[in-house]
Each structure stands twice: as structure tokens, then as C-alpha cells.
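Shown below: coords36.csv, with CSV, C-alpha atoms.
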chain,number,residue,atom,x,y,z
A,30,MET,CA,13.1,0.6,-17.7
A,31,ARG,CA,10.2,-1.2,-16.0
A,32,LEU,CA,9.7,1.8,-13.7
A,33,ARG,CA,9.5,4.2,-16.6
A,34,VAL,CA,7.0,2.0,-18.4
A,35,PHE,CA,4.9,1.7,-15.2
A,36,LEU,CA,4.9,5.5,-14.7
A,37,ASN,CA,3.8,6.0,-18.3
A,38,HIS,CA,0.9,3.7,-17.7
A,39,LEU,CA,0.0,5.7,-14.6
A,40,LEU,CA,0.1,9.0,-16.5
A,41,ARG,CA,-2.1,7.6,-19.3
A,42,LEU,CA,-4.8,6.5,-16.7
A,43,ILE,CA,-4.9,9.6,-14.6
A,44,GLY,CA,-4.2,12.2,-17.2
A,45,ARG,CA,-1.7,15.0,-16.9
A,46,GLU,CA,-4.5,17.6,-16.7
A,47,GLY,CA,-5.6,16.2,-13.3
A,48,ARG,CA,-2.3,17.0,-11.5
A,49,GLY,CA,-3.6,20.4,-10.4
A,50,GLN,CA,-6.2,18.8,-8.2
A,51,PRO,CA,-4.9,17.1,-5.0
A,52,GLY,CA,-5.1,13.4,-4.9
A,53,THR,CA,-5.5,12.8,-8.7
A,54,GLY,CA,-1.9,12.2,-9.8
A,55,PRO,CA,-0.5,8.7,-10.3
A,56,ASP,CA,2.0,9.1,-7.4
A,57,ASP,CA,-0.9,10.2,-5.2
A,58,ALA,CA,-3.0,7.2,-6.1
A,59,CYS,CA,-0.2,4.7,-5.5
A,60,SER,CA,0.7,6.5,-2.2
A,61,LEU,CA,-2.9,6.1,-1.0
A,62,ILE,CA,-2.7,2.4,-1.4
A,63,ILE,CA,0.9,1.8,-0.2
A,64,ASP,CA,1.4,4.4,2.6
A,65,PRO,CA,-0.9,3.9,5.7
A,66,PHE,CA,-0.2,7.6,6.6
A,67,ALA,CA,-1.1,9.1,3.2
A,68,GLY,CA,-4.0,11.5,3.0
A,69,ASP,CA,-4.9,10.9,6.7
A,70,ASP,CA,-6.5,14.3,7.5
A,71,ALA,CA,-9.7,13.0,9.0
A,72,VAL,CA,-11.2,15.0,11.8
A,73,GLU,CA,-11.3,13.0,15.1
A,74,ASP,CA,-14.6,12.3,16.6
A,75,ALA,CA,-14.6,12.5,20.4
A,76,ARG,CA,-17.1,9.7,20.5
A,77,GLU,CA,-14.8,7.2,18.8
A,78,GLY,CA,-12.7,6.4,21.8
A,79,SER,CA,-9.0,5.7,21.7
A,80,VAL,CA,-6.4,3.0,22.0
A,81,PRO,CA,-3.4,3.9,24.2
A,82,VAL,CA,0.1,3.4,22.8
A,83,ASP,CA,1.1,1.3,25.8
A,84,THR,CA,-1.8,-1.1,25.1
A,85,ILE,CA,-0.6,-1.4,21.5
A,86,ARG,CA,3.0,-2.0,22.4
A,87,ALA,CA,2.0,-4.8,24.9
A,88,ALA,CA,-0.2,-6.5,22.2
A,89,CYS,CA,2.7,-6.3,19.7
A,90,ARG,CA,5.0,-8.0,22.1
A,91,ARG,CA,2.4,-10.8,22.5
A,92,MET,CA,2.2,-11.1,18.8
A,93,GLN,CA,6.0,-11.5,18.5
A,94,GLY,CA,5.8,-14.3,21.0
A,95,ALA,CA,3.1,-16.3,19.1
A,96,ALA,CA,4.4,-19.8,18.4
A,97,THR,CA,1.6,-20.7,16.0
A,98,LYS,CA,-0.8,-19.1,13.6
A,99,GLY,CA,-3.6,-20.2,16.0
A,100,GLU,CA,-2.0,-18.3,18.9
A,101,LEU,CA,-1.5,-15.2,16.7
A,102,LEU,CA,-5.2,-15.5,15.6
A,103,GLN,CA,-6.4,-15.4,19.2
A,104,ILE,CA,-4.2,-12.4,20.1
A,105,ILE,CA,-5.5,-10.4,17.2
A,106,ALA,CA,-9.0,-11.5,17.9
A,107,GLY,CA,-8.6,-10.3,21.5
A,108,GLU,CA,-7.4,-6.9,20.3
A,109,MET,CA,-10.3,-6.6,17.8
A,110,LYS,CA,-12.7,-6.6,20.8
A,111,ALA,CA,-11.8,-2.9,21.2
A,112,PHE,CA,-13.5,-2.3,17.8
A,113,ASP,CA,-17.0,-2.8,16.4
A,114,LEU,CA,-18.8,-2.6,13.1
A,115,HIS,CA,-19.0,1.2,13.4
A,116,ASP,CA,-15.2,1.3,13.5
A,117,LEU,CA,-15.0,-0.8,10.3
A,118,GLU,CA,-17.5,1.5,8.6
A,119,VAL,CA,-15.6,4.6,9.7
A,120,MET,CA,-12.3,3.1,8.4
A,121,ASN,CA,-13.9,2.5,5.0
A,122,ALA,CA,-15.4,6.0,4.9
A,123,ARG,CA,-12.1,7.5,5.7
A,124,PHE,CA,-10.5,5.7,2.7
A,125,GLU,CA,-13.4,6.8,0.5
A,126,ARG,CA,-12.6,10.4,1.4
A,127,LYS,CA,-9.0,9.9,0.6
A,128,VAL,CA,-9.7,8.7,-2.9
A,129,ALA,CA,-12.6,11.0,-3.7
A,130,ASN,CA,-10.6,12.9,-6.4
A,131,LEU,CA,-9.5,9.8,-8.3
A,132,PRO,CA,-11.2,9.0,-11.7
A,133,GLU,CA,-14.6,7.4,-11.0
A,134,ASP,CA,-14.1,4.1,-12.8
A,135,TYR,CA,-10.7,3.4,-11.1
A,136,ARG,CA,-11.9,4.7,-7.8
A,137,ASP,CA,-14.9,2.3,-7.7
A,138,ARG,CA,-12.7,-0.7,-8.5
A,139,LEU,CA,-10.2,0.3,-5.8
A,140,LEU,CA,-12.9,0.8,-3.2
A,141,ALA,CA,-14.4,-2.6,-3.9
A,142,SER,CA,-11.0,-4.1,-3.1
A,143,VAL,CA,-10.6,-2.0,0.0
A,144,ARG,CA,-14.0,-3.1,1.3
A,145,GLU,CA,-12.8,-6.7,0.8
A,146,GLU,CA,-9.6,-5.8,2.7
A,147,ILE,CA,-11.7,-4.5,5.6
A,148,PHE,CA,-15.0,-6.4,5.9
A,149,ALA,CA,-14.1,-9.8,4.3
A,150,ALA,CA,-10.9,-10.0,6.4
A,151,HIS,CA,-12.9,-9.1,9.6
A,152,HIS,CA,-15.5,-11.8,8.8
A,153,GLN,CA,-12.9,-14.5,8.3
A,154,LEU,CA,-11.2,-13.4,11.5
A,155,VAL,CA,-14.4,-13.7,13.5
A,156,LEU,CA,-15.2,-17.1,12.0
A,157,LEU,CA,-11.8,-18.6,12.5
A,158,ALA,CA,-11.5,-17.3,16.1
A,159,ARG,CA,-14.9,-18.6,16.9
A,160,ASN,CA,-14.1,-22.1,15.5
A,161,GLY,CA,-10.9,-22.1,17.5
A,162,SER,CA,-9.0,-24.1,14.8
A,163,GLY,CA,-8.5,-24.4,11.1
A,164,PRO,CA,-6.1,-25.7,8.4
A,165,GLY,CA,-2.6,-24.6,9.2
A,166,MET,CA,-3.3,-23.1,12.5
A,167,ASP,CA,-0.7,-25.3,14.2
A,168,GLU,CA,2.0,-24.0,11.9
A,169,PRO,CA,4.4,-21.2,13.0
A,170,PRO,CA,3.7,-17.8,11.5
A,171,ASP,CA,6.1,-16.4,9.0
A,172,PRO,CA,9.4,-15.2,10.7
A,173,ALA,CA,8.7,-11.7,9.4
A,174,LEU,CA,6.0,-11.4,12.1
A,175,GLY,CA,8.5,-10.1,14.6
A,176,GLY,CA,9.6,-7.2,12.4
A,177,TYR,CA,6.0,-6.5,11.5
A,178,ALA,CA,4.9,-6.3,15.1
A,179,ALA,CA,7.8,-4.0,16.0
A,180,MET,CA,6.9,-1.8,13.0
A,181,VAL,CA,3.2,-1.6,14.1
A,182,ALA,CA,4.2,-0.4,17.6
A,183,GLU,CA,6.6,2.2,16.2
A,184,ALA,CA,4.0,3.4,13.6
A,185,CYS,CA,1.3,3.8,16.1
A,186,ALA,CA,3.6,5.6,18.5
A,187,ALA,CA,4.5,8.0,15.7
A,188,LYS,CA,0.8,8.5,14.8
A,189,ALA,CA,0.0,9.1,18.5
A,190,ARG,CA,2.2,12.2,18.4
A,191,GLU,CA,-0.3,13.8,16.0
A,192,LYS,CA,-3.6,12.1,16.7
A,193,ASP,CA,-5.3,8.9,18.1
A,194,PRO,CA,-3.7,5.8,16.4
A,195,LYS,CA,-6.9,3.8,16.8
A,196,TYR,CA,-7.7,3.4,13.1
A,197,LEU,CA,-4.1,2.9,12.0
A,198,TYR,CA,-3.9,0.1,14.6
A,199,LEU,CA,-7.2,-1.4,13.3
A,200,LYS,CA,-5.7,-1.4,9.8
A,201,TYR,CA,-2.5,-3.1,11.0
A,202,LEU,CA,-4.5,-5.7,13.0
A,203,LEU,CA,-6.6,-6.7,9.9
A,204,SER,CA,-3.6,-6.8,7.7
A,205,GLY,CA,-1.6,-8.8,10.2
A,206,PHE,CA,-4.3,-11.4,10.3
A,207,THR,CA,-4.5,-11.5,6.5
A,208,MET,CA,-0.7,-11.7,6.0
A,209,PHE,CA,0.4,-13.9,8.9
A,210,VAL,CA,-2.6,-16.1,9.7
A,211,LEU,CA,-4.1,-16.5,6.2
A,212,ALA,CA,-0.7,-16.0,4.5
A,213,GLU,CA,-2.4,-13.9,1.8
A,214,PRO,CA,-1.5,-10.4,0.5
A,215,ALA,CA,-2.4,-7.4,2.5
A,216,HIS,CA,-4.2,-6.0,-0.6
A,217,PRO,CA,-6.5,-8.7,-2.0
A,218,VAL,CA,-6.0,-10.4,-5.3
A,219,GLY,CA,-7.5,-8.1,-8.0
A,220,THR,CA,-6.6,-4.8,-6.2
A,221,PRO,CA,-6.1,-2.4,-9.1
A,222,PHE,CA,-3.1,0.0,-9.4
A,223,PRO,CA,-3.1,3.1,-11.6
A,224,GLY,CA,-2.2,2.0,-15.1
A,225,GLY,CA,-4.3,-1.2,-15.0
A,226,GLN,CA,-2.1,-3.7,-13.3
A,227,ILE,CA,-3.4,-5.7,-10.3
A,228,VAL,CA,-2.4,-7.9,-7.4
A,229,ASP,CA,-2.5,-11.3,-9.0
A,230,GLU,CA,-2.1,-15.0,-8.1
A,231,TRP,CA,-0.4,-17.5,-10.4
A,232,GLU,CA,0.6,-21.1,-9.7
A,233,GLY,CA,0.6,-20.6,-5.9
A,234,ALA,CA,2.4,-17.3,-5.8
A,235,TYR,CA,1.0,-13.9,-5.2
A,236,LEU,CA,2.3,-11.2,-7.6
A,237,CYS,CA,2.3,-7.4,-7.0
A,238,PRO,CA,3.4,-4.8,-9.6
A,239,VAL,CA,4.7,-2.3,-7.1
A,240,ARG,CA,6.1,-4.5,-4.4
A,241,ASP,CA,9.7,-3.3,-4.7
A,242,LYS,CA,8.6,0.4,-4.9
A,243,ALA,CA,7.3,0.3,-1.3
A,244,ASP,CA,10.4,-0.9,0.5
A,245,ASP,CA,11.4,2.7,1.3
A,246,VAL,CA,7.9,3.8,2.5
A,247,ALA,CA,7.9,4.2,6.2
A,248,PHE,CA,5.5,1.9,8.0
A,249,ALA,CA,4.3,0.3,4.8
A,250,LEU,CA,2.7,-3.2,4.8
A,251,CYS,CA,4.6,-4.3,1.6
A,252,PRO,CA,7.9,-5.4,3.2
A,253,TYR,CA,6.0,-8.0,5.3
A,254,CYS,CA,3.5,-9.1,2.6
A,255,PRO,CA,3.8,-12.6,1.1
A,256,ALA,CA,3.3,-11.1,-2.4
A,257,VAL,CA,6.4,-10.9,-4.5
A,258,GLN,CA,7.4,-8.4,-7.2
A,259,SER,CA,6.0,-9.5,-10.5
A,260,THR,CA,8.6,-10.0,-13.2
A,261,GLU,CA,6.1,-9.3,-16.0
A,262,PRO,CA,3.0,-7.1,-16.3
A,263,THR,CA,0.0,-8.1,-14.2
A,264,PHE,CA,-2.8,-6.7,-16.3
A,265,PRO,CA,-5.9,-8.8,-15.9
A,266,GLU,CA,-5.6,-10.1,-19.5
A,267,MET,CA,-2.1,-11.4,-18.8
A,268,ARG,CA,-3.6,-14.4,-16.9
A,269,ALA,CA,-5.0,-15.8,-20.2
A,270,ARG,CA,-1.6,-15.3,-21.9
A,271,ARG,CA,0.2,-17.1,-19.1
A,272,GLN,CA,-2.2,-20.0,-19.3
A,273,GLU,CA,-1.7,-20.2,-23.0
A,274,ARG,CA,2.0,-20.1,-22.6
A,275,ARG,CA,1.9,-22.8,-20.0
A,276,ARG,CA,-0.3,-25.0,-22.3
A,277,ARG,CA,2.3,-24.6,-25.1
A,278,GLU,CA,5.1,-25.5,-22.8
A,279,CYS,CA,3.3,-28.6,-21.6
A,280,LEU,CA,2.6,-29.7,-25.2
A,281,ALA,CA,6.2,-29.1,-26.2
A,282,ASN,CA,7.4,-31.1,-23.2
A,283,TYR,CA,5.0,-33.9,-24.0
A,284,TRP,CA,6.2,-34.2,-27.6
A,285,THR,CA,9.9,-33.9,-26.6
A,286,ASN,CA,9.6,-36.8,-24.1
A,287,TYR,CA,7.1,-38.9,-26.1
A,288,LYS,CA,8.6,-42.3,-26.7
A,289,GLY,CA,5.9,-43.6,-29.0
Here is the file; what I need is its structure written in the form of C-alpha cells.
Amino acid sequence: MRLRVFLNHLLRLIGREGRGQPGTGPDDACSLIIDPFAGDDAVEDAREGSVPVDTIRAACRRMQGAATKGELLQIIAGEMKAFDLHDLEVMNARFERKVANLPEDYRDRLLASVREEIFAAHHQLVLLARNGSGPGMDEPPDPALGGYAAMVAEACAAKAREKDPKYLYLKYLLSGFTMFVLAEPAHPVGTPFPGGQIVDEWEGAYLCPVRDKADDVAFALCPYCPAVQSTEPTFPEMRARRQERRRRECLANYWTNYKG
């Protein structure tokens, strides 16, 4: 039932009349967010260099051996030396091309989140790596890191059979930093999905409206993300409703336990 309601929201946002144009349907829009391989038809630029699969596999093995978040941070920071600001800009431009056919209002909100996912994550990574320490850096990374690193190696090897996996690897590095060093969702809080729901945060938990839909998507970030499937809609206005509900629960608890 929840899936049917969700798809109905998608159809209302995108509009059935847009299905004839590639990239405008609700399934297309969700796929572009969830599936790292979706819509990847960018033409390779010979000047962009490459990252060999053997190099990626070796780095993934080192990530699997990281005993602390600090160690993982330094491994990822070391791998990021193969990339520069131009690569981040190309990565962003590639996603802009992928979503060019989406409705303008939704597309602009999504692109703002993607820029945060790329540039803000990179900025935090550089600062943390430069400082050499930070809160929680002595803690072990989430045990899911081992599976994530193995998936990254497999995904990049699969990509290499078609084209250079450089930008796919860059995406996985930034997402790995966000999920396993910062312990935050791969897609930032506020990331909009077709239909109006967003990635949200509530009382220390990250909520995603499509988390469970992505488990069967090959090479997706979602199975390794700290966000959990939301049990109620995550429209932006729902936060105010949750706050009001919590206020009423607190008042009810107060009067129930008040001894006078």
C-alpha cells in the first residue's frame, strides 16, 4: 500500500504526459538518484586521465582494513589526491546533464542537494584530513564498511568493462567518507524525491522514503547508508507535525505522572 501511495505521488509530480520524453518519468527520476550507473552516457574526455582497476581494488582492501574512522579518513584522503576541483565540477556537470529533462522546480532542488553531496563533502574531507583528528575519529567504522569496499571494487571493475571508472570511483569515495567517517546519509538531509518526500533527520535518526526500494539495485549506496526506511511520510511539513505530536505526548506524560 505504501508503495502504491508513493508511486501515485511521483506520477502527480512528474505528470503522465512527460513519459514520452527520456528521463522525465518518476521511475527515471528515482533511478537517477539511487542507481550510480543510471543515465551514465557521458562522452569520455581523453584529457581527464583514468584510475586503473587494480589501483581501486588495492585501495578498497586498505579501506576494509581500517581499524578506526581516522584511518579510513586518511585512506580516502590519499585516494582523493588523484582528483582535483575540475573533476568535482565535471562530476556535477555530468549529473546536471542526467537530470536535464526533469521538471525545473524539482530539478533545481535536487541539484542543490547534489552540489552539497559533492562539494560540501569534499570540503569537510579536506579539513578533517588536514587537522588529522576530530570527534569520533578513534571509533571503529561501521561494520558495513567491509561490504561497501568490496562492492566499490566490483562496481568499478564492471564499469571499466565499458569505460573509465574514474568518476564512479570519485562518487564512491565521497559517499564512503560521508557514510563511514561522518556517519551521515549518502544523500544529504533535505534531498528531494519525486512526490515531495525528502531525506530527513528526526531525534538522532536519518529517515529515507525509498531506502527499502533500493536493496535490489546493483551497486547502490543505499544498503550501506545509515539512513533507515521512514515509517511515515517525510514531506517537509511533517517535521512540524512530529514536533507537535511529541509535545502532546510530553504533556500527556507530565499530567499522567504529576503527583501534585
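For the residues A:Thr263, A:Gln258, A:Thr84, A:Gln103, ranking by smallest atom-to-atom distance to Met166 (chain A) using all atoms listed in the file places A:Gln103 first.
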- prompt: Do you know which residues lie at most 7 Å from (-10.2, -5.2, 8.4), with coordinates as in the file and only C-alpha atoms counted, and could you write them as a PyMOL selection string?
  reply: chain A and resi 117+146-148+150-151+199-200+203-204
- prompt: Which one of A:Ser162, A:Thr220, A:Ser79, A:Asn130 sits closest to Val143 (chain A) if you count only C-alpha atoms?
  reply: A:Thr220
- line: Shortest contact to Arg190 (chain A), candidates A:Arg276, A:Leu131, A:Pro81, A:Gln226, atoms counted only C-alpha atoms, goes to A:Pro81
Straight-line distance linking CA of Cys185 (chain A) with CA of Arg86 (chain A), stated in Å to one decimal: 8.7 Å
query: CA of Ala95 (chain A) and CA of Ala187 (chain A) are how many Å apart?
result: 24.6 Å
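The residue that comes closest to Ala96 (chain A), out of A:Val80, A:Val210, A:Val239, A:Leu156 and on the basis of only C-alpha atoms, is A:Val210.
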Point (-2.1, 7.4, 14.8) neighbourhood (12 Å, only C-alpha atoms) written as an NGL selection string: :A and (65-67 or 69-71 or 73 or 79-82 or 85 or 181-201 or 248)
Just the selected residues (C-alpha atoms), exported as a PDB file, keeping the file's coordinate frame, please.
ATOM      1  CA  PRO A  65      -0.900   3.900   5.700  1.00  0.00           C
ATOM      2  CA  PHE A  66      -0.200   7.600   6.600  1.00  0.00           C
ATOM      3  CA  ALA A  67      -1.100   9.100   3.200  1.00  0.00           C
ATOM      4  CA  ASP A  69      -4.900  10.900   6.700  1.00  0.00           C
ATOM      5  CA  ASP A  70      -6.500  14.300   7.500  1.00  0.00           C
ATOM      6  CA  ALA A  71      -9.700  13.000   9.000  1.00  0.00           C
ATOM      7  CA  GLU A  73     -11.300  13.000  15.100  1.00  0.00           C
ATOM      8  CA  SER A  79      -9.000   5.700  21.700  1.00  0.00           C
ATOM      9  CA  VAL A  80      -6.400   3.000  22.000  1.00  0.00           C
ATOM     10  CA  PRO A  81      -3.400   3.900  24.200  1.00  0.00           C
ATOM     11  CA  VAL A  82       0.100   3.400  22.800  1.00  0.00           C
ATOM     12  CA  ILE A  85      -0.600  -1.400  21.500  1.00  0.00           C
ATOM     13  CA  VAL A 181       3.200  -1.600  14.100  1.00  0.00           C
ATOM     14  CA  ALA A 182       4.200  -0.400  17.600  1.00  0.00           C
ATOM     15  CA  GLU A 183       6.600   2.200  16.200  1.00  0.00           C
ATOM     16  CA  ALA A 184       4.000   3.400  13.600  1.00  0.00           C
ATOM     17  CA  CYS A 185       1.300   3.800  16.100  1.00  0.00           C
ATOM     18  CA  ALA A 186       3.600   5.600  18.500  1.00  0.00           C
ATOM     19  CA  ALA A 187       4.500   8.000  15.700  1.00  0.00           C
ATOM     20  CA  LYS A 188       0.800   8.500  14.800  1.00  0.00           C
ATOM     21  CA  ALA A 189       0.000   9.100  18.500  1.00  0.00           C
ATOM     22  CA  ARG A 190       2.200  12.200  18.400  1.00  0.00           C
ATOM     23  CA  GLU A 191      -0.300  13.800  16.000  1.00  0.00           C
ATOM     24  CA  LYS A 192      -3.600  12.100  16.700  1.00  0.00           C
ATOM     25  CA  ASP A 193      -5.300   8.900  18.100  1.00  0.00           C
ATOM     26  CA  PRO A 194      -3.700   5.800  16.400  1.00  0.00           C
ATOM     27  CA  LYS A 195      -6.900   3.800  16.800  1.00  0.00           C
ATOM     28  CA  TYR A 196      -7.700   3.400  13.100  1.00  0.00           C
ATOM     29  CA  LEU A 197      -4.100   2.900  12.000  1.00  0.00           C
ATOM     30  CA  TYR A 198      -3.900   0.100  14.600  1.00  0.00           C
ATOM     31  CA  LEU A 199      -7.200  -1.400  13.300  1.00  0.00           C
ATOM     32  CA  LYS A 200      -5.700  -1.400   9.800  1.00  0.00           C
ATOM     33  CA  TYR A 201      -2.500  -3.100  11.000  1.00  0.00           C
ATOM     34  CA  PHE A 248       5.500   1.900   8.000  1.00  0.00           C
TER      35      PHE A 248
END
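With all atoms listed in the file as the basis for measurement, A:Asp229 is the residue among A:Asp137, A:Asp167, A:Asp229, A:Asp116 that approaches His216 (chain A) most closely.
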Contacts of Thr260 (chain A) at 12 Å (only C-alpha atoms; same-chain gap of 5+ positions) as an MDAnalysis selection string: chainID A and resid 31:32 229 235:241
Could you write out that same residue set with C-alpha atoms as a JSON list (two decimals), keeping the file's coordinate frame?
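This went into result_26.json:
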[["chain", "number", "residue", "atom", "x", "y", "z"],
["A", 31, "ARG", "CA", 10.20, -1.20, -16.00],
["A", 32, "LEU", "CA", 9.70, 1.80, -13.70],
["A", 229, "ASP", "CA", -2.50, -11.30, -9.00],
["A", 235, "TYR", "CA", 1.00, -13.90, -5.20],
["A", 236, "LEU", "CA", 2.30, -11.20, -7.60],
["A", 237, "CYS", "CA", 2.30, -7.40, -7.00],
["A", 238, "PRO", "CA", 3.40, -4.80, -9.60],
["A", 239, "VAL", "CA", 4.70, -2.30, -7.10],
["A", 240, "ARG", "CA", 6.10, -4.50, -4.40],
["A", 241, "ASP", "CA", 9.70, -3.30, -4.70]]
- line: A straight line from CA of Glu261 (chain A) to CA of Ala234 (chain A) spans 13.5 Å
task: List the neighbours of Ala173 (chain A) out to 9 Å using only C-alpha atoms; skip same-chain residues closer than 6 positions along the sequence, and give me the result as number ranges by chain.
output: A: 209, 252-254
Convert the current residue selection to file output with C-alpha atoms, as an mmCIF file, keeping the file's coordinate frame.
data_model
loop_
_atom_site.group_PDB
_atom_site.id
_atom_site.type_symbol
_atom_site.label_atom_id
_atom_site.label_comp_id
_atom_site.auth_asym_id
_atom_site.auth_seq_id
_atom_site.Cartn_x
_atom_site.Cartn_y
_atom_site.Cartn_z
ATOM 1 C CA PHE A 209 0.400 -13.900 8.900
ATOM 2 C CA PRO A 252 7.900 -5.400 3.200
ATOM 3 C CA TYR A 253 6.000 -8.000 5.300
ATOM 4 C CA CYS A 254 3.500 -9.100 2.600
#
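For the choices A:Gly78, A:Pro262, A:Gly175, A:Gly224, the atom-to-atom distance to Cys59 (chain A) is smallest for A:Gly224 when using only C-alpha atoms.
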